[in-house]
Amino acid sequence: MFSAILLVCTMEYDRCLTNANTNLFKTREECIYALGEGYDFYESRGLIVVSYDCYKWNTTEFDQES
């Protein structure tokens, strides 16, 4: 399972926050797509996406069940 996480700042870099999509994704590809949507969302509001990642959770026992 993957989580989409973005680090977002104001144009002045005086305020930053992390944002994680509340959904969990089964594949890295689904997560990357969500990152793109988040990137577009924040940039359309005049914010800067400083960094982003798809975090892979250590869930091998759950992955085998699905």
# chains A, B, ... in the order shown; residues from 1 in each chain; ligands from 1
>>> residues_around(residues="Leu7 in chain A", least_positions_apart="4", cutoff="8 Å", atoms="only C-alpha atoms", output="list in words")
Cys16, Leu17, Thr18, Asn19, Val49, Val50, Ser51 and Tyr52 of chain A
>>> residues_around(residues="Asn23 in chain A", least_positions_apart="4", cutoff="9 Å", atoms="only C-alpha atoms", output="list of chain:residue names")
A:Phe2, A:Ser3, A:Ala4
>>> write_last_selection(atoms="C-alpha atoms", output="JSON list (two decimals), in the first residue's frame")
[["chain", "number", "residue", "atom", "x", "y", "z"],
["A", 2, "PHE", "CA", 1.11, 3.52, -0.79],
["A", 3, "SER", "CA", 0.34, 7.02, 0.55],
["A", 4, "ALA", "CA", 0.66, 10.18, -1.55]]
>>> closest_residue(among="A:Met1, A:Val8, A:Cys31, A:Leu24", to="Cys54 in chain A", atoms="only C-alpha atoms")
A:Cys31
>>> select_by_dssp(residues="range 9-46 of chain A", states="strand (DSSP E or B)", output="PyMOL selection string")
chain A and resi 9+16-20+25
>>> write_last_selection(atoms="C-alpha atoms", output="mmCIF file, in the first residue's frame")
data_model
loop_
_atom_site.group_PDB
_atom_site.id
_atom_site.type_symbol
_atom_site.label_atom_id
_atom_site.label_comp_id
_atom_site.auth_asym_id
_atom_site.auth_seq_id
_atom_site.Cartn_x
_atom_site.Cartn_y
_atom_site.Cartn_z
ATOM 1 C CA CYS A 9 4.740 26.126 0.918
ATOM 2 C CA CYS A 16 4.789 25.138 4.846
ATOM 3 C CA LEU A 17 2.672 22.077 5.496
ATOM 4 C CA THR A 18 2.607 18.439 4.628
ATOM 5 C CA ASN A 19 -0.462 16.962 3.054
ATOM 6 C CA ALA A 20 -1.243 13.299 2.650
ATOM 7 C CA PHE A 25 -3.334 3.057 -3.005
#
>>> closest_residue(among="A:Tyr13, A:Asn21, A:Thr60, A:Tyr55", to="Glu37 in chain A", atoms="only C-alpha atoms")
A:Asn21
>>> atom_distance(atom1="CA of Leu35 in chain A", atom2="CA of Asp53 in chain A")
7.6 Å
>>> select_by_dssp(residues="chain A", states="helix (DSSP H, G or I)", output="JSON list (two decimals) with N, CA, C and O atoms, in the first residue's frame")
[["chain", "number", "residue", "atom", "x", "y", "z"],
["A", 28, "ARG", "N", 1.85, 1.71, -6.95],
["A", 28, "ARG", "CA", 2.62, 2.96, -7.05],
["A", 28, "ARG", "C", 2.05, 3.85, -8.14],
["A", 28, "ARG", "O", 2.01, 5.07, -8.01],
["A", 29, "GLU", "N", 1.58, 3.25, -9.23],
["A", 29, "GLU", "CA", 1.03, 4.02, -10.35],
["A", 29, "GLU", "C", -0.20, 4.82, -9.92],
["A", 29, "GLU", "O", -0.35, 5.99, -10.29],
["A", 30, "GLU", "N", -1.08, 4.20, -9.12],
["A", 30, "GLU", "CA", -2.26, 4.92, -8.62],
["A", 30, "GLU", "C", -1.83, 6.08, -7.72],
["A", 30, "GLU", "O", -2.41, 7.17, -7.78],
["A", 31, "CYS", "N", -0.83, 5.85, -6.91],
["A", 31, "CYS", "CA", -0.33, 6.87, -6.01],
["A", 31, "CYS", "C", 0.28, 8.04, -6.80],
["A", 31, "CYS", "O", 0.02, 9.20, -6.49],
["A", 32, "ILE", "N", 1.05, 7.74, -7.81],
["A", 32, "ILE", "CA", 1.67, 8.78, -8.62],
["A", 32, "ILE", "C", 0.60, 9.64, -9.30],
["A", 32, "ILE", "O", 0.72, 10.87, -9.38],
["A", 33, "TYR", "N", -0.47, 9.01, -9.77],
["A", 33, "TYR", "CA", -1.57, 9.76, -10.37],
["A", 33, "TYR", "C", -2.17, 10.73, -9.35],
["A", 33, "TYR", "O", -2.44, 11.89, -9.66],
["A", 34, "ALA", "N", -2.37, 10.26, -8.11],
["A", 34, "ALA", "CA", -2.91, 11.11, -7.05],
["A", 34, "ALA", "C", -1.96, 12.26, -6.74],
["A", 34, "ALA", "O", -2.40, 13.38, -6.46],
["A", 35, "LEU", "N", -0.64, 12.00, -6.76],
["A", 35, "LEU", "CA", 0.33, 13.07, -6.55],
["A", 35, "LEU", "C", 0.16, 14.17, -7.59],
["A", 35, "LEU", "O", 0.20, 15.36, -7.27],
["A", 36, "GLY", "N", -0.04, 13.76, -8.83],
["A", 36, "GLY", "CA", -0.23, 14.74, -9.91],
["A", 36, "GLY", "C", -1.45, 15.60, -9.67],
["A", 36, "GLY", "O", -1.42, 16.82, -9.88],
["A", 37, "GLU", "N", -2.53, 14.98, -9.23],
["A", 37, "GLU", "CA", -3.75, 15.74, -8.93],
["A", 37, "GLU", "C", -3.51, 16.73, -7.79],
["A", 37, "GLU", "O", -3.93, 17.88, -7.84],
["A", 38, "GLY", "N", -2.82, 16.27, -6.75],
["A", 38, "GLY", "CA", -2.51, 17.15, -5.62],
["A", 38, "GLY", "C", -1.59, 18.29, -6.02],
["A", 38, "GLY", "O", -1.78, 19.44, -5.60],
["A", 39, "TYR", "N", -0.60, 17.97, -6.83],
["A", 39, "TYR", "CA", 0.33, 18.99, -7.33],
["A", 39, "TYR", "C", -0.43, 20.09, -8.06],
["A", 39, "TYR", "O", -0.26, 21.28, -7.78],
["A", 40, "ASP", "N", -1.29, 19.69, -8.98],
["A", 40, "ASP", "CA", -2.10, 20.66, -9.74],
["A", 40, "ASP", "C", -3.00, 21.48, -8.82],
["A", 40, "ASP", "O", -3.13, 22.70, -9.00],
["A", 41, "PHE", "N", -3.61, 20.83, -7.85],
["A", 41, "PHE", "CA", -4.51, 21.50, -6.91],
["A", 41, "PHE", "C", -3.80, 22.63, -6.18],
["A", 41, "PHE", "O", -4.27, 23.76, -6.13],
["A", 42, "TYR", "N", -2.65, 22.34, -5.59],
["A", 42, "TYR", "CA", -1.94, 23.35, -4.81],
["A", 42, "TYR", "C", -1.34, 24.44, -5.69],
["A", 42, "TYR", "O", -1.39, 25.62, -5.33],
["A", 43, "GLU", "N", -0.78, 24.09, -6.81],
["A", 43, "GLU", "CA", -0.20, 25.11, -7.69],
["A", 43, "GLU", "C", -1.28, 26.05, -8.24],
["A", 43, "GLU", "O", -1.03, 27.23, -8.42],
["A", 60, "THR", "N", 3.32, -6.22, 3.96],
["A", 60, "THR", "CA", 3.38, -7.44, 3.16],
["A", 60, "THR", "C", 2.33, -8.45, 3.57],
["A", 60, "THR", "O", 1.77, -9.13, 2.72],
["A", 61, "GLU", "N", 2.00, -8.53, 4.85],
["A", 61, "GLU", "CA", 0.99, -9.51, 5.26],
["A", 61, "GLU", "C", -0.39, -9.15, 4.72],
["A", 61, "GLU", "O", -1.18, -10.01, 4.38],
["A", 62, "PHE", "N", -0.70, -7.85, 4.61],
["A", 62, "PHE", "CA", -1.98, -7.44, 4.04],
["A", 62, "PHE", "C", -1.98, -7.57, 2.53],
["A", 62, "PHE", "O", -2.99, -7.92, 1.92],
["A", 63, "ASP", "N", -0.86, -7.26, 1.89],
["A", 63, "ASP", "CA", -0.77, -7.34, 0.43],
["A", 63, "ASP", "C", -0.98, -8.77, -0.06],
["A", 63, "ASP", "O", -1.56, -8.99, -1.11],
["A", 64, "GLN", "N", -0.55, -9.74, 0.71],
["A", 64, "GLN", "CA", -0.70, -11.14, 0.31],
["A", 64, "GLN", "C", -2.14, -11.60, 0.39],
["A", 64, "GLN", "O", -2.55, -12.49, -0.34],
["A", 65, "GLU", "N", -2.95, -10.97, 1.26],
["A", 65, "GLU", "CA", -4.34, -11.36, 1.41],
["A", 65, "GLU", "C", -5.22, -10.86, 0.28],
["A", 65, "GLU", "O", -6.25, -11.41, -0.01]]
